[in-house]
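*Asks:* The structure under discussion is supplied below as structure tokens; questions concerning it will follow.
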Amino acid sequence: MKPAERYAAFVTDHSKFVVTVLVVATLVVGSAAGSVDSGLSIASFSSDSTEAEKYDAIQQNFTTDGENTTVVQVVIRGENVLSKESLLETLRFQRAVADDPGVNATLRENRPTVGLSNLVATTAIRQSADGSQVRNATGGQPEPGARSATPSIDTQISQLESMSESDVEATVERVLDPDSRLGGPVDPYSLLTTDYEPGSTTATGRVLFVFQDTSDATGDDLPQAAVDAQLELEDISSRTISSSESFVFGAGIVDEESTQATGESFAIISPVALLLILAVLGVAYRDLVDVALGLVGVALVLAWMAGFMGWAGIGVTQILIAVPFLLIGLSIDYALHVVMRYREAQLDDPDATPREAMRRGLAGVVVAIGAATFTTSVGFLSNAVSPLESIREFGIVSGVGIVAAFLVFGLLLPALKLELDGLLGRIGLSRRKAAFGRAGAAGNVLSVGADVARRAPSVVIAIAVVLSVAGGAAATDIETSVDQTDFLPRDSPAWMDSLPKSFQPSDYDLRANAEYINANFAQSRDQSEAEFLIEGPITDPDTLERIAAGKDRVANTSSAMVLADGGLQVTGPLETIESVAETNETVAAMVAEADTDDDGVPDENLTAIYDAVYDAAPERAAATIHRADGEYRSLRLSVGLSGGADTETITDEMRDVATTIEGETELTVTATGRPIIEELVQQGLLTTLVDGFLITFGVIIVFLTLIFWLRYRTATLGAVVLTPVLLAQAWLLGTMYLAGIAFTPETAIIAAIGIGIGVDYAIHIGERFLEEYHGRGDSITALRRTVRGTGGALLASAVTTAAGFGVLVLALVPSLQRFGFVTSVAIGYAFLASILVLPSLLAVWIRLTGYDGSAGASA
């Protein structure tokens with residue numbers, strides 16, 4: 001007795017035992033499902049590059065104003081957001097924020113809010129007090145020599161309320177005068193949209209920053225109190241700001257609205273997907289009991305998946321929510337093959353008992369299912385080498401789920417169906433049903449592959465290869481992107497407004513707001529900054545001159561943010577020394593003396609200047625000049641970037657700046673920062689795609705070759721079976737190019753899905769063909785029986801899986817829409833390649849090798 005037959009005999013002879021063991025195992029594994037973190041998060045990124053290492057060094061060695069804080073941006077836009085009324089509204093907003101206990105408890109202690117209204121009100125107060133403009137008008141802590149205290153919000157409101165429109169306008173003009181050189185930690189132009197004309201007293205947009213303390217945060221997650229406070233800020237904004245349009249943007253709001261949008265998407269998608277799946281299964285099975293049995297099996301597989309995630313401590317991400325759709329499709333595929341082969345065995349031998357029919361059917365399909373489980377899980381587990389944590393988790397969870405699908409549908413389902421059919425048979429209900437695809441219109445359509453394999457197999461193969469070459473060539477022009485705004489929800493389309501009220505999604509402006517901020521403001525977030533770590537002999541005389549040269553190079557880049565006054569958003573040791581010198585005469589004198597060429601940059605005695613800056617303003621010095629054990633180790637230069645700049649351009653241009661700073665010196669300058677690390681992750685993503693594909697291809701080809709050699713004594717059939725899978729992948733890449741879809745974290749896993757499901761389909765066709773060919777010796781007849789028998793199960797499986805993924809195009813999140821579309825296309829191509837191209841390949845393979853099946857019989 002062959003191993004497959006012994007396996008089938010064990011399952012059918014001990015069906016009650018198998019059911020009991022699998023149910024108990026499901027309860028044990030699934031018991032941890034309730035501990036899964038269901039708080040949806042966006043894909044996380046990681047990199048082991050030098051740039052990532054240097055970025056971590058910057059975070060550890062330099063103190064910054066934003067440490068242990070998260071910034072919330074309150075954006076005000078309108079015809080003129082510099083009017084008296086608009087400025088007063090944002091001051092009242094700040095007062096309401098301070099008066100709200102829940103929000104106020106999350107704010108940082110020093111300067112929790114910073115806005116242009118504070119600059120204007122504080123300037124007016126101080127000028128009213130002594131008739132002269134003092135240096136610091138930022139609303140923050142006063143510089144040495146300025147007024148001793150920052151006016152309270154109530155005082156600022158009273159001041160603006162007492163002023164006329166013309167007085168407010170004059171103060172605005174004074175604050176925004178490019179030649180005023182007001183000191184302080186905040187550049188007023190960084191609070192305005194970049195299209196602001198310097199000197200103008202009107203503007204179409206400005207931003208108010210609210211800083212929250214995140215010292216209690218665990219990992220990358222914000223404290224729940226901070227998230228709740230950000231949501232409350234939206235309500236406060238809507239109540240206090242009415243003369244202009246406003247919105248609030250923060251990390252907590254992004255997470256909450258993304259989770260809500262995904263939930264609302266699935267509230268719409270799930271019923272549609274369920275109806276489609278039930279309709280297809282109803283047509284394929286034509287039996288309510290088998291449909292119900294299949295759905296129960298799917299539920300058990302999902303319980304295994306969720307239980308594993310709970311035991312492994314893996315939370316839900318927007319990529320991981322695609323795994324259930326994958327497992328549903330694969331489970332339906334397995335169930336269809338088991339049930340249809342069981343039905344075929346009953347049809348071929350009407351005298352066979354249900355147990356005998358199940359033994360024959362399961363023996364005929366279990367090798368294919370087992371091989372498909374191995375190859376599919378390998379395809380997904382190849383993602384474990386990805387530089388993206390979420391994709392690694394996707395691969396691991398998918399691999400475990402695929403194995404669970406085999407356990408449920410290769411063990412539990414056959415045993416449970418036997419017991420259930422036996423019970424129904426004893427009460428007089430017949431359980432004999434026809435196999436889908438063996439006859440009727442479906443059978444005629446499925447026979448096309450065998451018919452063309454008989455008439456013109458070379459033509460089919462040639463067309464498939466030409467299309468694959470074109471798709472492969474197009475793939476070289478597909479872009480790679482890790483843009484997190486793609487994970488933000490869009491507003492729902494108009495047609496969703498006609499849905500029943502309980503299904504109508506909320507309105508989402510999150511993505512549009514993010515795009516507006518990126519396009520119109522100089523961002524202070526680390527995601528929009530390039531960082532330069534300057535190491536080596538930083539006290540050498542020409543060090544600061546080299547940094548000045550680097551800043552000149554930054555001015556000539558396209559990715560650096562240009563402020564409304566034409567200046568750059570740059571923070572470095574030169575800026576620190578200059579700001580300290582403005583308020584400290586000792587430092588100013590030392591700088592002037594050390595500037596031998598009168599260009600404003602000290603070029604000698606740098607150690608003494610660093611010492612003086614540290615003595616005068618240690619906190620500001622520590623932000624750009626690193627000193628440890630009395631020695632100066634490194635310098636930090638930060639450059640604000642344009643929100644619309646792509647990461648490849650940023651990386652290339654900032655590396656040029658680093659080279660400029662290094663010059664012929666012994667300095668080591670590394671350009672880093674979140675955008676640059678993101679670009680390296682993108683490059684690593686593409687490399688991982690190629691490496692993962694090669695690993696998957698190599699493992700699968702070796703495995704298939706071994707399987708077919710052991711069973712049929714042929715060493716070439718594995719390559720033949722895998723060929724249509726590769727062709728379908730090329731077709732998919734060509735489709736992505738034509739549709740303008742980039743390689744992103746969610747489309748990067750398409751290769752795994754395409755290979756995994758494609759190999760599953762191809763193995764079923766190849767295995768069934770050799771089984772039929774051995775019994776008949778006629779390749780065309782064997783192909784016809786193969787595509788009508790196994791092809792029917794594949795058709796039902798492909799339609800249900802593609803439909804399950806396809807409904808994701810109804811989601812509100814663009815990344816899910818793309819994922820659903822591309823995955824549906826991948827499944828469709830895998831089915832077409834297996835049912836149309838593979839029969840022609842098999843017919844040609846038989847003709848070229850002269851294989852007659854006798855070797856397989858002896859094996």
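How things are named: the first chain in the structure tokens is A, the next is B, and so on; residues count from 1 in each chain; ligands count from 1 in the order shown.
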Mind checking which residues fall within 7 Å of range 325-336 of chain A, counting only C-alpha atoms, ignoring those fewer than 2 positions away in the same chain, and posting them as a list of chain:residue names?

*Replies:*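 The contact residues come out as A:Gly294, A:Val298, A:Ala322, A:Val323, A:Val338, A:Val339, A:Met340, A:Ile369, A:Gly401, A:Ile402, A:Ala405, A:Phe409, A:Ala793, A:Leu794, A:Ser797, A:Thr800, A:Thr801, A:Gly804, A:Phe805.
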
*Asks:* Using DSSP assignments from the backbone, pull out every residue in range 298-469 of chain A that falls under helix (DSSP H, G or I) and give it to me as number ranges by chain.

*Replies:* A: 298-312, 320-348, 354-385, 389-426, 440-446, 448-455, 457-469

*Asks:* Within 10 Å of range 55-58 of chain A, counting only C-alpha atoms, which residues show up once you throw out same-chain ones fewer than 5 positions away? Write them as a PDB file with C-alpha atoms, in the first residue's frame, please.

*Replies:*
ATOM      1  CA  SER A  49      22.040  49.994   7.583  1.00  0.00           C
ATOM      2  CA  THR A  50      24.839  52.337   8.661  1.00  0.00           C
ATOM      3  CA  THR A  63      19.172  66.347  23.282  1.00  0.00           C
ATOM      4  CA  THR A  64      16.327  67.910  21.327  1.00  0.00           C
ATOM      5  CA  ALA A 530      17.442  64.972   6.971  1.00  0.00           C
ATOM      6  CA  GLU A 531      20.059  64.553   9.662  1.00  0.00           C
ATOM      7  CA  PHE A 532      23.833  64.771   9.264  1.00  0.00           C
ATOM      8  CA  LEU A 533      26.100  63.180  11.851  1.00  0.00           C
ATOM      9  CA  ALA A 623      21.168  69.685  20.648  1.00  0.00           C
ATOM     10  CA  THR A 624      23.867  70.124  18.001  1.00  0.00           C
ATOM     11  CA  HIS A 626      27.991  66.283  21.409  1.00  0.00           C
ATOM     12  CA  SER A 634      30.349  64.839  16.957  1.00  0.00           C
ATOM     13  CA  LEU A 635      28.104  67.534  15.501  1.00  0.00           C
ATOM     14  CA  ARG A 636      24.525  67.360  14.276  1.00  0.00           C
ATOM     15  CA  THR A 670      26.725  60.459   7.331  1.00  0.00           C
ATOM     16  CA  ALA A 671      23.465  61.639   5.784  1.00  0.00           C
ATOM     17  CA  THR A 672      20.592  59.959   7.607  1.00  0.00           C
ATOM     18  CA  GLY A 673      17.075  60.640   8.881  1.00  0.00           C
ATOM     19  CA  ARG A 674      13.733  58.910   8.472  1.00  0.00           C
ATOM     20  CA  ILE A 677      16.257  55.199   6.049  1.00  0.00           C
TER      21      ILE A 677
END

*Asks:* Could you state the separation of CA of Ala470 in chain A and CA of Ala830 in chain A in Å, given to one decimal place?

*Replies:* 17.3 Å

*Asks:* Ranking A:Trp304, A:Phe743, A:Tyr7, A:Phe831 by minimum distance to Ser815 in chain A and counting only C-alpha atoms, which one comes first?

*Replies:*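 The closest residue to Ser815 in chain A is A:Phe743.
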
*Asks:* What lies within 10 Å of Val367 in chain A using only C-alpha atoms, ignoring chain neighbours under 2 positions off, as a PyMOL selection string?

*Replies:* chain A and resi 3-5+7+362-365+369-373+410+707+711+763-764+767

*Asks:* So that I can check the surroundings of Ile765 in chain A, please list as a list of chain:residue names every protein, DNA and RNA residue that reaches within 7 Å of it, counting only C-alpha atoms and ignoring chain neighbours fewer than 4 positions away.

*Replies:*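 Selected residues are A:Tyr761, A:Phe769, A:Thr786, A:Thr790.
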
*Asks:* Counting only C-alpha atoms, figure out which residue out of A:Leu717, A:Val465, A:Leu510, A:Leu288 gets nearest to Glu256 in chain A.

*Replies:* A:Leu510

*Asks:* I need the residues in range 216-423 of chain A that are strand (DSSP E) according to DSSP; give them as a PyMOL selection string.

*Replies:* chain A and resi 245-249

*Asks:* With distances taken over only C-alpha atoms, which residue among A:Ala560, A:Leu727, A:Val403, A:Val291 lies nearest Ala462 in chain A?

*Replies:* A:Leu727

*Asks:* What's the 9 Å shell around Gly250 in chain A, counting only C-alpha atoms, without same-chain residues fewer than 5 positions away, as an NGL selection string?

*Replies:* :A and (70-74 or 227 or 230 or 255)

*Asks:* Quick one: everything within 12 Å of range 603-615 of chain A, counting only C-alpha atoms, minus sequence neighbours fewer than 2 positions away in the same chain. Send it as a short mmCIF file (atom, residue, chain, number, x, y, z; two decimals) with N, CA and C atoms, in the first residue's frame.

*Replies:*
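Contents of part38.cif, as written:
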data_model
loop_
_atom_site.label_atom_id
_atom_site.label_comp_id
_atom_site.auth_asym_id
_atom_site.auth_seq_id
_atom_site.Cartn_x
_atom_site.Cartn_y
_atom_site.Cartn_z
N PRO A 537 37.59 64.76 13.86
CA PRO A 537 38.22 65.92 14.51
C PRO A 537 37.38 67.19 14.32
N ILE A 538 36.27 67.28 15.05
CA ILE A 538 35.32 68.39 14.83
C ILE A 538 35.81 69.71 15.43
N THR A 539 36.97 69.69 16.11
CA THR A 539 37.52 70.94 16.62
C THR A 539 38.59 71.51 15.68
N ASP A 540 38.84 70.82 14.55
CA ASP A 540 39.78 71.36 13.57
C ASP A 540 39.28 72.70 13.05
N PRO A 541 40.18 73.63 12.70
CA PRO A 541 39.76 75.00 12.34
C PRO A 541 38.75 75.09 11.20
N ASP A 542 38.83 74.20 10.23
CA ASP A 542 37.96 74.36 9.06
C ASP A 542 36.63 73.59 9.18
N THR A 543 36.33 73.01 10.36
CA THR A 543 35.12 72.20 10.50
C THR A 543 33.86 73.01 10.20
N LEU A 544 33.71 74.16 10.85
CA LEU A 544 32.50 74.96 10.64
C LEU A 544 32.45 75.55 9.24
N GLU A 545 33.59 75.81 8.64
CA GLU A 545 33.61 76.28 7.25
C GLU A 545 33.05 75.19 6.33
N ARG A 546 33.41 73.94 6.62
CA ARG A 546 32.90 72.83 5.81
C ARG A 546 31.38 72.71 5.97
N ILE A 547 30.89 72.92 7.19
CA ILE A 547 29.45 72.86 7.41
C ILE A 547 28.75 73.99 6.67
N ALA A 548 29.36 75.18 6.66
CA ALA A 548 28.79 76.30 5.90
C ALA A 548 28.73 75.97 4.41
N PRO A 573 25.27 73.40 14.40
CA PRO A 573 26.16 74.11 15.34
C PRO A 573 26.31 75.59 15.00
N LEU A 574 26.29 75.94 13.72
CA LEU A 574 26.40 77.36 13.35
C LEU A 574 25.21 78.14 13.87
N GLU A 575 24.02 77.58 13.71
CA GLU A 575 22.81 78.26 14.20
C GLU A 575 22.83 78.36 15.73
N THR A 576 23.32 77.31 16.39
CA THR A 576 23.39 77.34 17.85
C THR A 576 24.36 78.42 18.31
N ILE A 577 25.53 78.47 17.71
CA ILE A 577 26.54 79.47 18.09
C ILE A 577 26.01 80.88 17.83
N GLU A 578 25.34 81.06 16.68
CA GLU A 578 24.82 82.39 16.34
C GLU A 578 23.73 82.83 17.32
N SER A 579 22.80 81.91 17.67
CA SER A 579 21.71 82.30 18.57
C SER A 579 22.23 82.61 19.97
N VAL A 580 23.24 81.86 20.43
CA VAL A 580 23.82 82.14 21.76
C VAL A 580 24.59 83.45 21.73
N ALA A 581 25.29 83.70 20.63
CA ALA A 581 26.07 84.94 20.52
C ALA A 581 25.18 86.17 20.53
N GLU A 582 23.95 86.06 20.05
CA GLU A 582 23.04 87.20 20.02
C GLU A 582 22.70 87.69 21.42
N THR A 583 22.74 86.80 22.41
CA THR A 583 22.35 87.18 23.77
C THR A 583 23.49 87.07 24.77
N ASN A 584 24.69 86.68 24.32
CA ASN A 584 25.82 86.53 25.22
C ASN A 584 27.02 87.23 24.62
N GLU A 585 27.43 88.32 25.27
CA GLU A 585 28.50 89.15 24.72
C GLU A 585 29.83 88.42 24.68
N THR A 586 30.06 87.53 25.65
CA THR A 586 31.33 86.80 25.67
C THR A 586 31.44 85.90 24.45
N VAL A 587 30.39 85.15 24.19
CA VAL A 587 30.40 84.28 23.02
C VAL A 587 30.51 85.09 21.75
N ALA A 588 29.78 86.22 21.67
CA ALA A 588 29.82 87.06 20.47
C ALA A 588 31.23 87.56 20.21
N ALA A 589 31.94 87.95 21.26
CA ALA A 589 33.30 88.46 21.10
C ALA A 589 34.24 87.35 20.63
N MET A 590 34.10 86.17 21.19
CA MET A 590 34.94 85.05 20.80
C MET A 590 34.71 84.67 19.34
N VAL A 591 33.44 84.68 18.91
CA VAL A 591 33.12 84.33 17.52
C VAL A 591 33.73 85.36 16.58
N ALA A 592 33.60 86.62 16.92
CA ALA A 592 34.15 87.67 16.06
C ALA A 592 35.67 87.55 15.95
N GLU A 593 36.30 87.23 17.06
CA GLU A 593 37.76 87.11 17.04
C GLU A 593 38.23 85.89 16.26
N ALA A 594 37.42 84.81 16.33
CA ALA A 594 37.81 83.57 15.64
C ALA A 594 37.45 83.57 14.16
N ASP A 595 36.73 84.59 13.71
CA ASP A 595 36.34 84.68 12.29
C ASP A 595 37.39 85.51 11.56
N THR A 596 38.46 84.87 11.11
CA THR A 596 39.60 85.59 10.53
C THR A 596 39.32 86.12 9.13
N ASP A 597 38.34 85.54 8.44
CA ASP A 597 38.06 86.00 7.07
C ASP A 597 36.75 86.76 6.96
N ASP A 598 36.17 87.11 8.10
CA ASP A 598 34.95 87.95 8.14
C ASP A 598 33.80 87.39 7.31
N ASP A 599 33.63 86.08 7.29
CA ASP A 599 32.49 85.50 6.57
C ASP A 599 31.39 85.05 7.53
N GLY A 600 31.55 85.40 8.83
CA GLY A 600 30.54 85.05 9.82
C GLY A 600 30.71 83.66 10.40
N VAL A 601 31.73 82.90 9.97
CA VAL A 601 31.94 81.53 10.42
C VAL A 601 33.28 81.44 11.13
N ALA A 617 24.66 78.27 27.30
CA ALA A 617 23.35 77.65 27.02
C ALA A 617 23.55 76.16 26.81
N PRO A 618 23.71 75.41 27.89
CA PRO A 618 24.03 73.99 27.76
C PRO A 618 22.96 73.17 27.03
N GLU A 619 21.67 73.49 27.23
CA GLU A 619 20.63 72.70 26.59
C GLU A 619 20.65 72.89 25.07
N ARG A 620 20.80 74.14 24.64
CA ARG A 620 20.85 74.39 23.20
C ARG A 620 22.12 73.81 22.59
N ALA A 621 23.22 73.90 23.31
CA ALA A 621 24.47 73.36 22.79
C ALA A 621 24.38 71.85 22.63
N ALA A 622 23.73 71.18 23.59
CA ALA A 622 23.64 69.72 23.54
C ALA A 622 22.79 69.22 22.39
N ALA A 623 22.01 70.10 21.77
CA ALA A 623 21.17 69.68 20.65
C ALA A 623 21.95 69.52 19.36
N THR A 624 23.10 70.19 19.25
CA THR A 624 23.87 70.12 18.00
C THR A 624 25.34 69.80 18.21
N ILE A 625 25.84 69.87 19.45
CA ILE A 625 27.26 69.62 19.72
C ILE A 625 27.35 68.55 20.81
N HIS A 626 27.93 67.40 20.46
CA HIS A 626 27.99 66.28 21.41
C HIS A 626 29.32 66.31 22.14
N ARG A 627 29.23 66.40 23.48
CA ARG A 627 30.42 66.38 24.33
C ARG A 627 30.29 65.24 25.32
N GLY A 630 34.36 65.36 28.57
CA GLY A 630 35.17 66.54 28.31
C GLY A 630 35.68 66.66 26.89
N GLU A 631 35.36 65.73 26.02
CA GLU A 631 35.83 65.77 24.63
C GLU A 631 34.64 65.96 23.70
N TYR A 632 34.90 66.70 22.61
CA TYR A 632 33.85 66.93 21.61
C TYR A 632 33.92 65.82 20.57
N ARG A 633 32.82 65.06 20.46
CA ARG A 633 32.82 63.84 19.65
C ARG A 633 32.17 64.00 18.28
N SER A 634 31.07 64.75 18.23
CA SER A 634 30.35 64.84 16.96
C SER A 634 29.46 66.07 16.93
N LEU A 635 29.02 66.42 15.72
CA LEU A 635 28.10 67.53 15.50
C LEU A 635 26.88 67.02 14.76
#

*Asks:* Using only C-alpha atoms, which of the listed residues (A:Ala796, A:Ala475, A:Ala435, A:Val23) sits closest to Met736 in chain A?

*Replies:*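 Distance minimum relative to Met736 in chain A lands on A:Ala475.
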
*Asks:* In terms of the shortest atom-to-atom distance over only C-alpha atoms, which of A:Asp348, A:Asp507, A:Glu479, A:Glu85 is closest to Met163 in chain A?

*Replies:* A:Glu85

*Asks:* Ranking A:Leu416, A:Ile268, A:Val280, A:Ile125 by minimum distance to Ser15 in chain A and counting only C-alpha atoms, which one comes first?

*Replies:*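 Smallest separation from Ser15 in chain A among the options: A:Leu416.
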
*Asks:* Please, what distance in Å, to one decimal, runs between CA of Lys2 in chain A and CA of Gly766 in chain A?

*Replies:*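 According to the coordinates, CA of Lys2 in chain A and CA of Gly766 in chain A are separated by 18.8 Å.
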